[in-house]
Every structure is written in C-alpha cells, then in structure tokens.
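Text of data_21.tsv, listed as TSV, C-alpha atoms and all ligand atoms:
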```tsv
chain	number	residue	atom	x	y	z
A	1	MET	CA	-85.79	-79.61	124.58
A	2	LYS	CA	-89.22	-81.09	124.00
A	3	CYS	CA	-91.60	-81.31	121.04
A	4	THR	CA	-94.56	-80.58	123.32
A	5	PRO	CA	-94.89	-80.79	127.10
A	6	ASP	CA	-95.75	-84.49	126.74
A	7	ILE	CA	-93.55	-85.47	123.79
A	8	ASP	CA	-89.82	-85.64	124.29
A	9	LEU	CA	-87.29	-84.87	121.63
A	10	ARG	CA	-86.05	-88.06	119.96
A	11	ASP	CA	-82.30	-87.81	119.48
A	12	LEU	CA	-81.46	-91.52	119.70
A	13	GLU	CA	-79.82	-91.61	116.28
A	14	GLU	CA	-77.90	-88.38	116.79
A	15	MET	CA	-76.53	-89.37	120.20
A	16	ASN	CA	-75.80	-93.09	119.75
A	17	ILE	CA	-74.83	-95.90	117.43
A	18	ASN	CA	-78.07	-97.79	116.86
A	19	ILE	CA	-78.00	-101.48	115.89
A	20	ASP	CA	-81.72	-102.21	116.29
A	21	PRO	CA	-82.53	-104.75	113.54
A	22	ILE	CA	-85.75	-103.08	112.45
A	23	GLN	CA	-84.63	-99.45	112.61
A	24	VAL	CA	-81.34	-99.11	110.78
A	25	GLY	CA	-82.56	-99.24	107.17
A	26	GLY	CA	-85.43	-96.86	107.77
A	27	ARG	CA	-83.50	-93.89	109.11
A	28	LEU	CA	-84.31	-90.85	107.02
A	29	THR	CA	-81.86	-89.14	104.73
A	30	ALA	CA	-81.44	-85.39	105.13
A	31	ASP	CA	-83.43	-84.93	101.91
A	32	ALA	CA	-86.29	-86.98	103.34
A	33	MET	CA	-86.26	-84.82	106.47
A	34	LYS	CA	-86.66	-81.72	104.31
A	35	ALA	CA	-89.51	-83.30	102.36
A	36	VAL	CA	-91.17	-84.41	105.60
A	37	ILE	CA	-91.27	-80.84	106.87
A	38	ALA	CA	-92.50	-79.40	103.58
A	39	TYR	CA	-95.16	-82.06	102.98
A	40	GLY	CA	-96.27	-82.71	106.54
A	41	ASP	CA	-99.80	-81.42	105.99
A	42	GLY	CA	-102.41	-84.15	105.46
A	43	TYR	CA	-103.18	-84.64	101.78
A	44	SER	CA	-100.24	-82.46	100.73
A	45	VAL	CA	-99.45	-84.32	97.50
A	46	CYS	CA	-102.92	-83.63	96.15
A	47	ASP	CA	-102.25	-79.95	95.27
A	48	ASN	CA	-101.86	-80.80	91.61
A	49	CYS	CA	-103.95	-83.95	91.33
A	50	ARG	CA	-105.85	-83.78	88.03
A	51	LYS	CA	-107.97	-86.20	86.06
A	52	PRO	CA	-108.05	-89.23	86.23
A	53	PHE	CA	-107.48	-88.51	89.95
A	54	ARG	CA	-105.14	-91.19	91.08
A	55	LEU	CA	-101.99	-90.90	93.18
A	56	ASP	CA	-99.72	-92.64	90.70
A	57	TYR	CA	-100.73	-90.19	87.92
A	58	ILE	CA	-99.66	-87.04	89.78
A	59	GLU	CA	-96.88	-85.26	87.88
A	60	LYS	CA	-96.07	-82.44	90.30
A	61	PRO	CA	-94.33	-83.50	92.49
A	62	PRO	CA	-93.08	-86.25	90.13
A	63	ILE	CA	-95.02	-89.15	91.67
A	64	ALA	CA	-95.82	-90.79	88.32
A	65	THR	CA	-92.15	-90.97	87.37
A	66	PHE	CA	-91.32	-92.28	90.83
A	67	HIS	CA	-93.65	-95.21	90.28
A	68	ASP	CA	-91.87	-96.10	87.04
A	69	ASP	CA	-88.49	-95.77	88.75
A	70	LEU	CA	-89.61	-97.96	91.64
A	71	ALA	CA	-90.73	-100.76	89.33
A	72	ALA	CA	-87.42	-100.63	87.47
A	73	PHE	CA	-85.51	-100.52	90.76
A	74	VAL	CA	-86.84	-103.95	91.78
A	75	GLY	CA	-86.76	-105.37	88.25
A	76	MET	CA	-90.52	-105.48	87.70
A	77	ASP	CA	-93.00	-103.83	85.30
A	78	GLU	CA	-95.46	-102.01	87.57
A	79	ALA	CA	-95.26	-100.69	91.09
A	80	ARG	CA	-97.50	-99.02	93.64
A	81	VAL	CA	-96.67	-97.48	96.98
A	82	VAL	CA	-98.40	-99.09	99.94
A	83	PRO	CA	-98.63	-98.34	103.68
A	84	GLY	CA	-96.02	-100.92	104.70
A	85	ALA	CA	-94.97	-104.29	103.33
A	86	ARG	CA	-97.90	-105.85	105.18
A	87	ARG	CA	-100.38	-103.89	103.05
A	88	GLY	CA	-98.59	-105.16	99.97
A	89	PHE	CA	-99.06	-108.74	101.24
A	90	GLN	CA	-102.71	-107.97	101.93
A	91	ALA	CA	-103.31	-106.67	98.39
A	92	VAL	CA	-101.95	-109.91	96.98
A	93	THR	CA	-103.84	-112.24	99.33
A	94	GLY	CA	-106.98	-110.15	98.70
A	95	THR	CA	-106.59	-110.84	95.00
A	96	TYR	CA	-105.65	-114.51	94.93
A	97	VAL	CA	-106.75	-116.18	98.15
A	98	GLN	CA	-110.32	-117.29	98.88
A	99	LYS	CA	-111.62	-118.60	102.19
A	100	GLY	CA	-110.28	-122.11	102.80
A	101	ASP	CA	-107.48	-121.87	100.24
A	102	PRO	CA	-104.07	-123.21	101.26
A	103	VAL	CA	-101.27	-120.66	101.06
A	104	ILE	CA	-97.60	-121.58	101.30
A	105	LEU	CA	-95.51	-119.64	103.82
A	106	THR	CA	-92.22	-120.66	105.38
A	107	ALA	CA	-90.98	-121.63	108.80
A	108	LEU	CA	-89.31	-118.21	108.86
A	109	SER	CA	-92.24	-116.11	107.62
A	110	HIS	CA	-93.08	-112.86	109.40
A	111	TYR	CA	-96.30	-112.53	111.37
A	112	THR	CA	-97.61	-109.96	108.87
A	113	GLU	CA	-97.54	-112.61	106.14
A	114	PHE	CA	-99.59	-114.93	108.34
A	115	VAL	CA	-102.05	-112.18	109.17
A	116	ALA	CA	-102.44	-111.25	105.50
A	117	VAL	CA	-103.44	-114.86	104.85
A	118	GLU	CA	-105.72	-115.01	107.89
A	119	ASN	CA	-107.41	-111.79	106.84
A	120	VAL	CA	-108.94	-113.50	103.81
A	121	GLY	CA	-109.54	-116.89	105.45
A	122	GLY	CA	-106.58	-118.64	103.84
A	123	ILE	CA	-104.87	-121.58	105.49
A	124	PRO	CA	-101.13	-121.12	106.11
A	125	GLN	CA	-98.96	-124.11	105.24
A	126	GLU	CA	-95.29	-123.70	106.11
A	127	ILE	CA	-92.24	-124.91	104.21
A	128	PRO	CA	-89.87	-126.26	106.88
A	129	LYS	CA	-86.36	-124.80	107.21
A	130	ASP	CA	-83.37	-127.10	107.00
A	131	ASN	CA	-80.87	-127.54	109.82
A	132	GLN	CA	-78.93	-124.54	108.53
A	133	ASN	CA	-82.07	-122.40	108.82
A	134	ILE	CA	-82.41	-122.08	105.05
A	135	ILE	CA	-85.63	-122.53	103.06
A	136	ARG	CA	-84.75	-124.88	100.21
A	137	ALA	CA	-86.45	-125.59	96.90
A	138	ASP	CA	-86.70	-129.35	97.51
A	139	ALA	CA	-88.58	-128.71	100.76
A	140	ALA	CA	-90.85	-126.27	98.89
A	141	ALA	CA	-91.57	-128.85	96.19
A	142	GLU	CA	-92.42	-131.49	98.79
A	143	ARG	CA	-94.74	-129.14	100.66
A	144	ILE	CA	-96.55	-127.95	97.52
A	145	GLU	CA	-97.01	-131.56	96.47
A	146	GLU	CA	-98.32	-132.59	99.89
A	147	VAL	CA	-100.64	-129.58	100.25
A	148	SER	CA	-102.04	-130.12	96.75
A	149	ARG	CA	-102.84	-133.73	97.64
A	150	THR	CA	-104.49	-132.79	100.95
A	151	PHE	CA	-106.59	-129.94	99.57
A	152	GLY	CA	-107.27	-131.42	96.14
A	153	ARG	CA	-105.95	-128.22	94.54
A	154	ALA	CA	-102.71	-126.29	94.27
A	155	PRO	CA	-101.93	-123.59	96.84
A	156	ALA	CA	-103.34	-120.18	95.88
A	157	LEU	CA	-100.09	-118.34	96.56
A	158	LEU	CA	-96.56	-118.84	97.86
A	159	PHE	CA	-94.65	-116.38	100.05
A	160	VAL	CA	-90.90	-116.55	100.29
A	161	GLU	CA	-88.66	-114.22	102.28
A	162	HIS	CA	-85.70	-112.87	100.36
A	163	VAL	CA	-83.99	-112.49	103.75
A	164	ASP	CA	-85.83	-113.58	106.89
A	165	TYR	CA	-86.17	-111.52	110.06
A	166	GLN	CA	-84.92	-114.24	112.44
A	167	PHE	CA	-81.52	-115.14	111.04
A	168	GLY	CA	-80.94	-112.65	108.23
A	169	ASN	CA	-80.35	-115.63	105.93
A	170	LEU	CA	-80.79	-115.70	102.15
A	171	HIS	CA	-83.05	-118.44	100.82
A	172	GLU	CA	-83.35	-120.39	97.55
A	173	VAL	CA	-85.71	-117.88	96.00
A	174	ARG	CA	-85.02	-118.46	92.32
A	175	GLU	CA	-85.26	-122.24	92.65
A	176	ILE	CA	-88.39	-122.02	94.82
A	177	ALA	CA	-90.07	-119.72	92.27
A	178	ARG	CA	-89.28	-122.19	89.50
A	179	VAL	CA	-90.81	-125.05	91.47
A	180	ALA	CA	-93.93	-123.04	92.39
A	181	HIS	CA	-94.51	-122.07	88.78
A	182	GLN	CA	-94.51	-125.74	87.77
A	183	TYR	CA	-97.68	-125.95	89.87
A	184	ASP	CA	-98.97	-122.58	88.57
A	185	VAL	CA	-98.61	-121.06	92.03
A	186	PRO	CA	-97.90	-117.30	92.00
A	187	VAL	CA	-94.86	-116.28	94.05
A	188	LEU	CA	-94.53	-113.26	96.33
A	189	LEU	CA	-91.03	-112.20	97.31
A	190	ASN	CA	-90.92	-110.59	100.74
A	191	GLY	CA	-88.13	-108.04	100.38
A	192	ALA	CA	-88.75	-106.22	103.66
A	193	TYR	CA	-85.08	-106.74	104.58
A	194	THR	CA	-83.64	-106.35	101.08
A	195	VAL	CA	-85.47	-103.82	98.87
A	196	GLY	CA	-83.58	-100.57	99.51
A	197	THR	CA	-80.51	-102.07	101.13
A	198	MET	CA	-79.25	-104.67	98.65
A	199	PRO	CA	-79.85	-105.10	94.91
A	200	VAL	CA	-83.15	-106.88	94.13
A	201	ASP	CA	-84.14	-108.11	90.68
A	202	GLY	CA	-87.63	-109.58	90.82
A	203	LYS	CA	-87.78	-110.84	87.25
A	204	GLY	CA	-84.25	-112.20	87.54
A	205	LEU	CA	-85.47	-114.20	90.52
A	206	GLY	CA	-88.57	-115.23	88.57
A	207	VAL	CA	-91.13	-114.01	91.12
A	208	ASP	CA	-94.56	-112.53	90.41
A	209	PHE	CA	-94.60	-109.94	93.18
A	210	VAL	CA	-91.92	-108.01	95.01
A	211	VAL	CA	-92.88	-106.37	98.28
A	212	GLY	CA	-90.61	-103.94	100.10
A	213	SER	CA	-90.87	-101.89	103.25
A	214	GLY	CA	-90.17	-98.14	103.08
A	215	HIS	CA	-89.70	-97.73	106.82
A	216	LYS	CA	-87.65	-100.90	107.25
A	217	SER	CA	-85.25	-100.59	104.36
A	218	MET	CA	-85.84	-97.53	102.15
A	219	ALA	CA	-85.02	-94.61	104.47
A	220	ALA	CA	-88.68	-93.58	104.51
A	221	PRO	CA	-91.25	-92.59	107.14
A	222	ALA	CA	-93.76	-95.19	108.37
A	223	PRO	CA	-95.99	-96.60	107.13
A	224	SER	CA	-94.63	-96.94	103.62
A	225	GLY	CA	-93.64	-99.67	101.21
A	226	VAL	CA	-93.81	-100.92	97.67
A	227	LEU	CA	-95.71	-103.64	95.83
A	228	ALA	CA	-94.34	-104.38	92.37
A	229	THR	CA	-95.43	-106.96	89.84
A	230	THR	CA	-95.18	-108.15	86.26
A	231	ALA	CA	-97.27	-106.84	83.35
A	232	GLU	CA	-99.11	-110.20	83.39
A	233	ARG	CA	-100.19	-109.92	87.03
A	234	ALA	CA	-100.73	-106.14	87.18
A	235	GLY	CA	-104.26	-106.31	85.79
A	236	GLU	CA	-105.22	-108.70	88.59
A	237	VAL	CA	-103.68	-107.16	91.69
A	238	PHE	CA	-104.19	-103.60	90.43
A	239	ARG	CA	-107.72	-104.16	89.06
A	240	THR	CA	-109.93	-101.07	89.03
A	241	THR	CA	-113.26	-100.53	90.76
A	242	GLN	CA	-116.44	-101.79	89.12
A	243	VAL	CA	-119.03	-100.85	91.74
A	244	LYS	CA	-121.88	-98.43	91.29
A	245	GLY	CA	-124.01	-96.52	93.81
A	246	ASP	CA	-127.49	-98.05	93.54
A	247	ILE	CA	-129.33	-94.76	94.11
A	248	THR	CA	-126.89	-92.23	92.72
A	249	GLY	CA	-125.49	-94.38	89.95
A	250	ARG	CA	-122.03	-93.11	90.78
A	251	THR	CA	-118.97	-95.00	89.57
A	252	PHE	CA	-115.42	-94.40	90.69
A	253	GLY	CA	-113.23	-94.21	87.64
A	254	ILE	CA	-109.87	-95.95	87.73
A	255	LYS	CA	-109.43	-96.21	91.46
A	256	GLU	CA	-107.77	-99.55	92.27
A	257	VAL	CA	-109.65	-101.84	94.64
A	258	GLU	CA	-106.69	-103.33	96.53
A	259	MET	CA	-105.15	-99.86	96.89
A	260	MET	CA	-108.42	-98.46	98.28
A	261	GLY	CA	-108.06	-95.82	95.55
A	262	CYS	CA	-105.04	-93.91	96.75
A	263	THR	CA	-102.44	-94.96	99.32
A	264	LEU	CA	-99.67	-92.65	100.56
A	265	MET	CA	-100.99	-89.12	100.18
A	266	GLY	CA	-98.45	-86.99	101.99
A	267	VAL	CA	-95.41	-87.19	104.17
A	268	THR	CA	-94.79	-90.92	103.76
A	269	LEU	CA	-94.61	-90.82	99.99
A	270	MET	CA	-92.60	-87.60	99.87
A	271	GLY	CA	-90.08	-88.94	102.37
A	272	MET	CA	-89.76	-92.12	100.35
A	273	MET	CA	-89.34	-90.16	97.11
A	274	ALA	CA	-86.76	-87.79	98.55
A	275	SER	CA	-84.65	-90.69	99.83
A	276	PHE	CA	-85.00	-92.73	96.65
A	277	PRO	CA	-81.99	-91.35	94.72
A	278	HIS	CA	-79.82	-92.12	97.76
A	279	VAL	CA	-81.39	-95.55	98.20
A	280	ARG	CA	-80.83	-96.40	94.55
A	281	GLU	CA	-77.15	-95.57	95.01
A	282	ARG	CA	-76.68	-97.22	98.37
A	283	VAL	CA	-77.69	-100.70	97.25
A	284	ASN	CA	-74.52	-100.68	95.13
A	285	ARG	CA	-72.49	-100.38	98.32
A	286	TRP	CA	-74.04	-103.52	99.83
A	287	ASP	CA	-70.69	-105.36	99.85
A	288	GLU	CA	-69.23	-102.70	102.15
A	289	GLU	CA	-72.22	-103.04	104.45
A	290	VAL	CA	-71.75	-106.79	104.66
A	291	ALA	CA	-68.00	-106.34	105.27
A	292	ASN	CA	-68.74	-103.98	108.18
A	293	GLY	CA	-71.19	-106.51	109.60
A	294	ARG	CA	-68.52	-109.20	109.43
A	295	ILE	CA	-66.20	-107.07	111.57
A	296	VAL	CA	-68.72	-107.22	114.42
A	297	VAL	CA	-69.55	-110.88	113.78
A	298	ASP	CA	-65.86	-111.83	113.83
A	299	ALA	CA	-65.37	-110.01	117.12
A	300	LEU	CA	-68.35	-111.80	118.69
A	301	ARG	CA	-67.10	-115.18	117.46
A	302	SER	CA	-63.77	-114.58	119.12
A	303	ILE	CA	-65.54	-114.33	122.48
A	304	GLU	CA	-65.39	-117.79	124.05
A	305	GLY	CA	-68.76	-119.56	124.10
A	306	THR	CA	-70.45	-117.24	121.58
A	307	VAL	CA	-72.17	-118.93	118.65
A	308	VAL	CA	-73.42	-117.21	115.50
A	309	LYS	CA	-76.82	-118.74	114.64
A	310	SER	CA	-77.09	-117.13	111.20
A	311	GLU	CA	-75.55	-118.66	108.08
A	312	MET	CA	-71.81	-118.18	107.72
A	313	PRO	CA	-70.13	-116.41	106.06
A	314	ARG	CA	-72.61	-113.59	106.56
A	315	ARG	CA	-74.37	-112.31	103.46
A	316	HIS	CA	-76.58	-109.81	105.30
A	317	THR	CA	-76.11	-107.22	108.04
A	318	LEU	CA	-78.80	-108.70	110.32
A	319	THR	CA	-77.29	-111.43	112.49
A	320	ARG	CA	-78.53	-113.67	115.28
A	321	VAL	CA	-76.13	-114.77	117.99
A	322	ASP	CA	-76.34	-117.10	120.95
A	323	THR	CA	-74.37	-115.92	123.97
A	324	SER	CA	-75.85	-118.41	126.44
A	325	ALA	CA	-72.36	-119.80	127.07
A	326	SER	CA	-70.66	-116.39	127.26
A	327	PHE	CA	-72.53	-113.24	128.31
A	328	ASP	CA	-75.37	-115.19	129.90
A	329	ARG	CA	-72.89	-116.92	132.24
A	330	ILE	CA	-71.94	-113.47	133.54
A	331	ALA	CA	-75.61	-112.52	133.90
A	332	GLU	CA	-76.10	-115.41	136.36
A	333	THR	CA	-74.01	-113.68	139.03
A	334	HIS	CA	-73.81	-110.05	137.92
A	335	LYS	CA	-75.61	-107.58	140.18
A	336	LYS	CA	-77.43	-106.16	137.16
A	337	ARG	CA	-78.34	-109.69	136.02
A	338	GLY	CA	-79.11	-109.87	132.29
A	339	PHE	CA	-79.20	-106.10	132.07
A	340	PHE	CA	-75.45	-105.84	132.48
A	341	LEU	CA	-74.86	-106.28	128.74
A	342	SER	CA	-77.31	-103.73	127.38
A	343	SER	CA	-76.32	-101.36	130.14
A	344	ALA	CA	-72.60	-101.70	129.36
A	345	LEU	CA	-73.33	-101.15	125.66
A	346	ASN	CA	-75.52	-98.12	126.39
A	347	LYS	CA	-72.68	-96.64	128.43
A	348	LYS	CA	-70.50	-96.94	125.36
A	349	GLY	CA	-73.16	-95.22	123.27
A	350	ILE	CA	-74.48	-98.37	121.57
A	351	VAL	CA	-78.26	-98.79	121.56
A	352	GLY	CA	-80.87	-100.96	119.88
A	353	VAL	CA	-80.21	-104.22	121.72
A	354	ILE	CA	-83.04	-105.60	123.82
A	355	PRO	CA	-82.49	-104.71	127.50
A	356	GLY	CA	-81.86	-107.88	129.49
A	357	ALA	CA	-81.19	-110.17	126.52
A	358	THR	CA	-78.05	-112.26	127.04
A	359	LYS	CA	-79.06	-115.58	125.49
A	360	VAL	CA	-80.17	-115.28	121.87
A	361	TRP	CA	-80.35	-111.83	120.32
A	362	LYS	CA	-80.04	-110.01	117.02
A	363	PHE	CA	-78.31	-106.90	115.76
A	364	ASN	CA	-78.07	-105.10	112.44
A	365	THR	CA	-75.01	-103.12	111.44
A	366	TYR	CA	-76.60	-101.59	108.33
A	367	GLY	CA	-75.52	-98.00	107.79
A	368	LEU	CA	-72.56	-98.04	110.20
A	369	SER	CA	-69.32	-96.57	108.92
A	370	ARG	CA	-66.25	-98.79	109.02
A	371	ALA	CA	-65.01	-96.86	112.08
A	372	GLN	CA	-68.35	-97.34	113.85
A	373	ALA	CA	-68.35	-101.08	113.08
A	374	GLU	CA	-64.84	-101.34	114.53
A	375	TYR	CA	-65.98	-99.40	117.58
A	376	VAL	CA	-68.95	-101.77	118.14
A	377	ALA	CA	-66.66	-104.79	117.67
A	378	ALA	CA	-64.19	-103.40	120.20
A	379	ALA	CA	-67.02	-102.60	122.62
A	380	TYR	CA	-68.16	-106.24	122.71
A	381	LEU	CA	-64.59	-107.47	123.18
A	382	GLY	CA	-64.05	-104.93	125.95
A	383	ILE	CA	-67.21	-105.98	127.78
A	384	ALA	CA	-66.20	-109.63	127.51
A	385	GLU	CA	-62.72	-108.96	128.89
A	386	GLU	CA	-63.99	-106.71	131.70
A	387	ASN	CA	-66.16	-109.61	132.81
A	388	GLY	CA	-63.49	-112.25	132.57
A	389	ILE	CA	-64.64	-114.03	129.43
A	390	SER	CA	-61.68	-115.08	127.35
A	391	VAL	CA	-61.24	-113.69	123.88
A	392	SER	CA	-59.16	-115.44	121.23
A	393	SER	CA	-57.07	-113.35	118.88
B	401	LIG	C1	-90.55	-105.90	109.06
B	401	LIG	C2	-90.99	-107.05	108.25
B	401	LIG	C3	-92.26	-107.08	107.68
B	401	LIG	C4	-93.29	-106.00	107.90
B	401	LIG	O1	-92.96	-104.83	107.21
B	401	LIG	P1	-93.91	-103.55	107.31
B	401	LIG	O2	-93.39	-102.64	106.24
B	401	LIG	O3	-93.74	-102.97	108.68
B	401	LIG	O4	-95.31	-104.00	107.07
B	401	LIG	C5	-92.59	-108.15	106.89
B	401	LIG	N1	-91.73	-109.16	106.69
B	401	LIG	C6	-90.50	-109.16	107.23
B	401	LIG	C7	-89.58	-110.31	106.94
B	401	LIG	C8	-90.09	-108.13	108.03
B	401	LIG	O5	-88.87	-108.16	108.57
```

Starting from the coordinates I provided, produce the structure as structure tokens.
Ligand SMILES: *Cc1c(COP(=O)(O)O)cnc(C)c1O
Amino acid sequence: MKCTPDIDLRDLEEMNINIDPIQVGGRLTADAMKAVIAYGDGYSVCDNCRKPFRLDYIEKPPIATFHDDLAAFVGMDEARVVPGARRGFQAVTGTYVQKGDPVILTALSHYTEFVAVENVGGIPQEIPKDNQNIIRADAAAERIEEVSRTFGRAPALLFVEHVDYQFGNLHEVREIARVAHQYDVPVLLNGAYTVGTMPVDGKGLGVDFVVGSGHKSMAAPAPSGVLATTAERAGEVFRTTQVKGDITGRTFGIKEVEMMGCTLMGVTLMGMMASFPHVRERVNRWDEEVANGRIVVDALRSIEGTVVKSEMPRRHTLTRVDTSASFDRIAETHKKRGFFLSSALNKKGIVGVIPGATKVWKFNTYGLSRAQAEYVAAAYLGIAEENGISVSS
C-alpha cells in the first residue's frame, strides 16, 4: 500500500514498539485521527469565524473554550496555541528581548531556545549544570548576578527546562523562578517534555510563561504547541496590533502581533483539541509511565558495564544511557559493527533507537503498556546474553 506513487504508507507505530525520544508523546489518539481527516482542508476552522475575527474567539468548533481549558490545564490565566514550542519561545523573546540584551538559558537548553534568542539579537548566557546534570537555583543566582554586573543591567528573560532533552532530568524550577524574580527577570518554563505527559502547574512553580509542544507531548499533529501566561504578562506578550496602512488607513482590529494574528487554522489545532480530553486524563497516570520506564532502566543497569547517565531514581520516561563498556565492546568486533544493536532491536520489533549508536544514546518509554515495557527490558537482556555480556540478576 502507498499514499501516492512516491509516498509510502507509514505504519511504524502499528508494526513496532517505538521508543524514539521525540516521537512517543506526539502519537495521535484515535479521536485526533478522526479530526485530522475531517479538518484536513486548509483554513477549515474558519467556517464559523465571526467578529472580532480571531482564532481564539471561534465558538464552533469550541476553540474559545479550548483556550480556557488549556490555560487551566497548565495552571495559568491565558493561553494561545502556537506552531510548536519554538514559536512560543519566539513570541516571548520578541516581546522582552532587545538587541544586545543578555538572556539566561541553561547548559541543557534546546537549540530552539537559543535560536529564539538569536532571532532578536539577544545574547545567550548559560547557567551551568552541576555534576549530577541538574540546573540548580544557586547556580542560577550566581549567573544572574554575574551577568547583571557584566552588562550593567539584569537579564531580559530566563529560560528553564522543566525536563531537559539530554538527560530527561527535572530541575529546580520553583527555586530558580524565585531567584529570577528577585532580580525582576521574567521566567519561561520550557515544558516541551512535560506539558501533556505529566502534571504541570505554572503558577505553582511561580513562572511567568509555560510553553508546551503539541507534537512532542500532547498527541497532536505538527507543528503545534501552547504558550500560556499570567494575567499580568498577557497584555505584553499578547499585545494587539497598532499599525495603520498609510494610504488606506486600514487598521487590523484585535489581531495579536506575536501570534501574527491567527496561528493554527486547521488540522493542527483540531488534532490537538480532539486529543485534549485524553491528554488531560493521561497526565494523572504519569506514575505508571515512570514505573514502566524504570523496568527498562533496571534491565539496562543489570547489563554489566552499562551506566545510566540520567538522574536516579528516574522521574521521567526519557533516559540517557552509556553502553560504551557493554554494547560498544561488542560493536568493536561484531560483523555489523555498531549497527548490531539497532538491528537486533529492529528484529525484535523495537524501533526509534539511532542506527549505529552503541556508546551514549537515549530512549523514551512513554506510552508503552506494562507488557511492552517488560518486552523491551527482556529484549535488551536477551541481546546482551546472546553477545556474551554478563547480566546480573
Ligand atoms: C522538542 C523540544 C523543543 C522544540 O519543540 P517544538 O514544539 O518542536 O518547537 C524545545 N525544547 C525542548 C527541551 C525540546 O525537547
């Protein structure tokens, strides 16, 4: 079967167990798949757009209500949908960062955070991680202090990852937000790996902005995401257009500048909305997800020479492991070289690991059933034993 002569069917998720870190939280629900088919046409959500002509005011389908629900879901006052977490970052840097302004990021920040800063001419200043790969509040305080001295002014903004993409570690968000606010620095929580998979309470954490990714963690099509903020900050980041055509005198109502007026006008938004009731429920089952992840982590740790690089015990389903002293030893002499591992996994129906990687690699067990997690754990143990690596019980 093919979609078109040039486009193959994609049945990766149907035919395999996928543990690709970036894909597992974005798999569509069946309801999203239905919405995607029904709303696939371009500007499909605009059928019933009426004055004042803005996406977040549309009542049919219930887009306005969805915006309220989204804000509540992340514990904030106002929310907008955006084309990916990165566009949420960009809206915030576009509002607060001027050319030459220092902006605090972390040693574990994602490239999209850096690019959002670069886009407006800001100067990234990283908070170092500690030797456990955690971003701590004391390091944040030191960096803010140092940057303020160097630049003669406080940083314009601080980004902190709720969970980072390298280790899947949780950081000292609440404490960092408290420190930043002592210097009047607004705080953006990057929830790309948390909003939609685990409970997130932005106001509880004391942050000014919560950004989430629809396609990473909310079972939504790409590109989609959410930018939520407090009532105090909403007027700034969601400010409305003030320009006027010099010949025609036209003005543009209540279109929001950072949102370029309207954002997700069709399939992305409807997929996100259709999945939302499921997403809201699934965050309450986060403990089970973490427990399933630990089954695989425990199996890997029992393979001699394997080291888990992420914080222990695991508090997230994304984990980084170093198998330089286990699977990579086999790769040295195996006829398939480093490809032996991914190839052995693929044979067992496990996909989403980088082909050839046997040193340091990541996996994400989010969404696996208990039985699937046990199967993945057993698969790693089996591959180790087949290749003569000892496994402790
Ligand atoms: C994936 C990811 C992003 C980018 O998310 P998009 O929705 O694709 O823009 C940003 N930050 C982190 C930590 C990520 O893991």

Problem set entry | Neighbour list for Asp201 of chain A as a ChimeraX atom specification, cut-off 8 Å, all atoms listed in the file, skip fewer than 6 positions in-chain | /A:73-76

Could you write out the selected residues, including C-alpha atoms, as a PDB file, keeping the file's coordinate frame?
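That gives us out.pdb:
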```pdb
ATOM      1  CA  PHE A  73     -85.510-100.520  90.760  1.00  0.00           C
ATOM      2  CA  VAL A  74     -86.840-103.950  91.780  1.00  0.00           C
ATOM      3  CA  GLY A  75     -86.760-105.370  88.250  1.00  0.00           C
ATOM      4  CA  MET A  76     -90.520-105.480  87.700  1.00  0.00           C
TER       5      MET A  76
END
```

Problem set entry | Point-to-point distance from atom CA of Thr106 of chain A to atom CA of His215 of chain A, Å rounded to tenths | 23.1 Å

Problem set entry | For Asp20 of chain A, the nearest of the candidates A:Ala291, A:Ile350, A:Leu189, A:Leu170, counting all atoms listed in the file |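 Of the candidates, the smallest distance to Asp20 of chain A is held by A:Ile350.
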
Problem set entry | Selection within 7 Å of ligand LIG 401 (chain B) by only C-alpha atoms and all ligand atoms, output as a list in words |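 The distance check yields Ile22, Gly84, Ala85, Arg86, Arg87, Ser109, His110, Thr112, Glu113, Glu161, Val163, Asp164, Tyr165, Asn190, Ala192, Tyr193, Gly212, Ser213, Gly214, His215, Lys216, Pro223, Ser224 and Gly225 of chain A.
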
Mind running segment 213-295 of chain A against segment 300-307 of chain A at 12 Å and telling me each contacting residue's nearest atom pair with the distance in Å (one decimal), counting only C-alpha atoms, chain and number ascending, as a Markdown table?
```
| residue | atom | partner | partner_atom | distance |
| --- | --- | --- | --- | --- |
| A:Gly293 | CA | A:Leu300 | CA | 10.9 |
| A:Arg294 | CA | A:Leu300 | CA | 9.6 |
| A:Ile295 | CA | A:Leu300 | CA | 8.8 |
```

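Atom to atom, atom CA of Gly168 of chain A and atom CA of Gln132 of chain A stand 12.1 Å apart.
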
Exercise. Between A:Thr240, A:Ser343, A:Ser393, A:Ser217, which is the closest to Thr29 of chain A once you count all atoms listed in the file?
Worked result: A:Ser217

Can you sort out the box for segment 251-268 of chain A, edges along x, y and z, all listed atoms in, 6 Å on every side, with centre and edge lengths in Å to one decimal, as AutoDock Vina command-line options?
```
--center_x -106.9 --center_y -95.2 --center_z 95.9 --size_x 36.2 --size_y 28.3 --size_z 28.5
```

Problem set entry | Spatial neighbours of segment 333-338 of chain A, 10 Å, all atoms listed in the file, chain gap at least 4 places, as a ChimeraX atom specification | /A:327-329,342-343,355-359,387

Exercise. From the set A:Ile134, A:Ala32, A:Val187, A:Val376, which residue has the shortest atom-to-atom contact distance to Met312 of chain A, counting only C-alpha atoms?
Worked result: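 Selected residue with least distance to Met312 of chain A: A:Ile134.
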
For this session: May I ask for the distance between atom CA of Phe159 of chain A and atom CA of Phe238 of chain A, given in Å to one decimal place?
Result: 18.6 Å

I'd like a table as CSV: residues in segment 77-187 of chain A with an atom no more than 12 Å from segment 50-57 of chain A, each row giving the shortest atom pair and its distance in Å to one decimal, all atoms listed in the file counted, sorted by chain and rising residue number.
```
residue,atom,partner,partner_atom,distance
A:Glu78,CA,A:Asp56,CA,10.8
A:Ala79,CA,A:Asp56,CA,9.2
A:Arg80,CA,A:Asp56,CA,7.4
A:Val81,CA,A:Asp56,CA,8.5
A:Val82,CA,A:Leu55,CA,11.2
```

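The smallest atom-to-atom distance between Val195 of chain A and any of A:Ala72, A:Met265, A:Val45, A:Gly40, using only C-alpha atoms, is found for A:Ala72.
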
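Among A:His278, A:Lys60, A:His162, A:Arg233, the residue with the shortest atom-to-atom distance to Leu28 of chain A, counting all atoms listed in the file, is A:His278.
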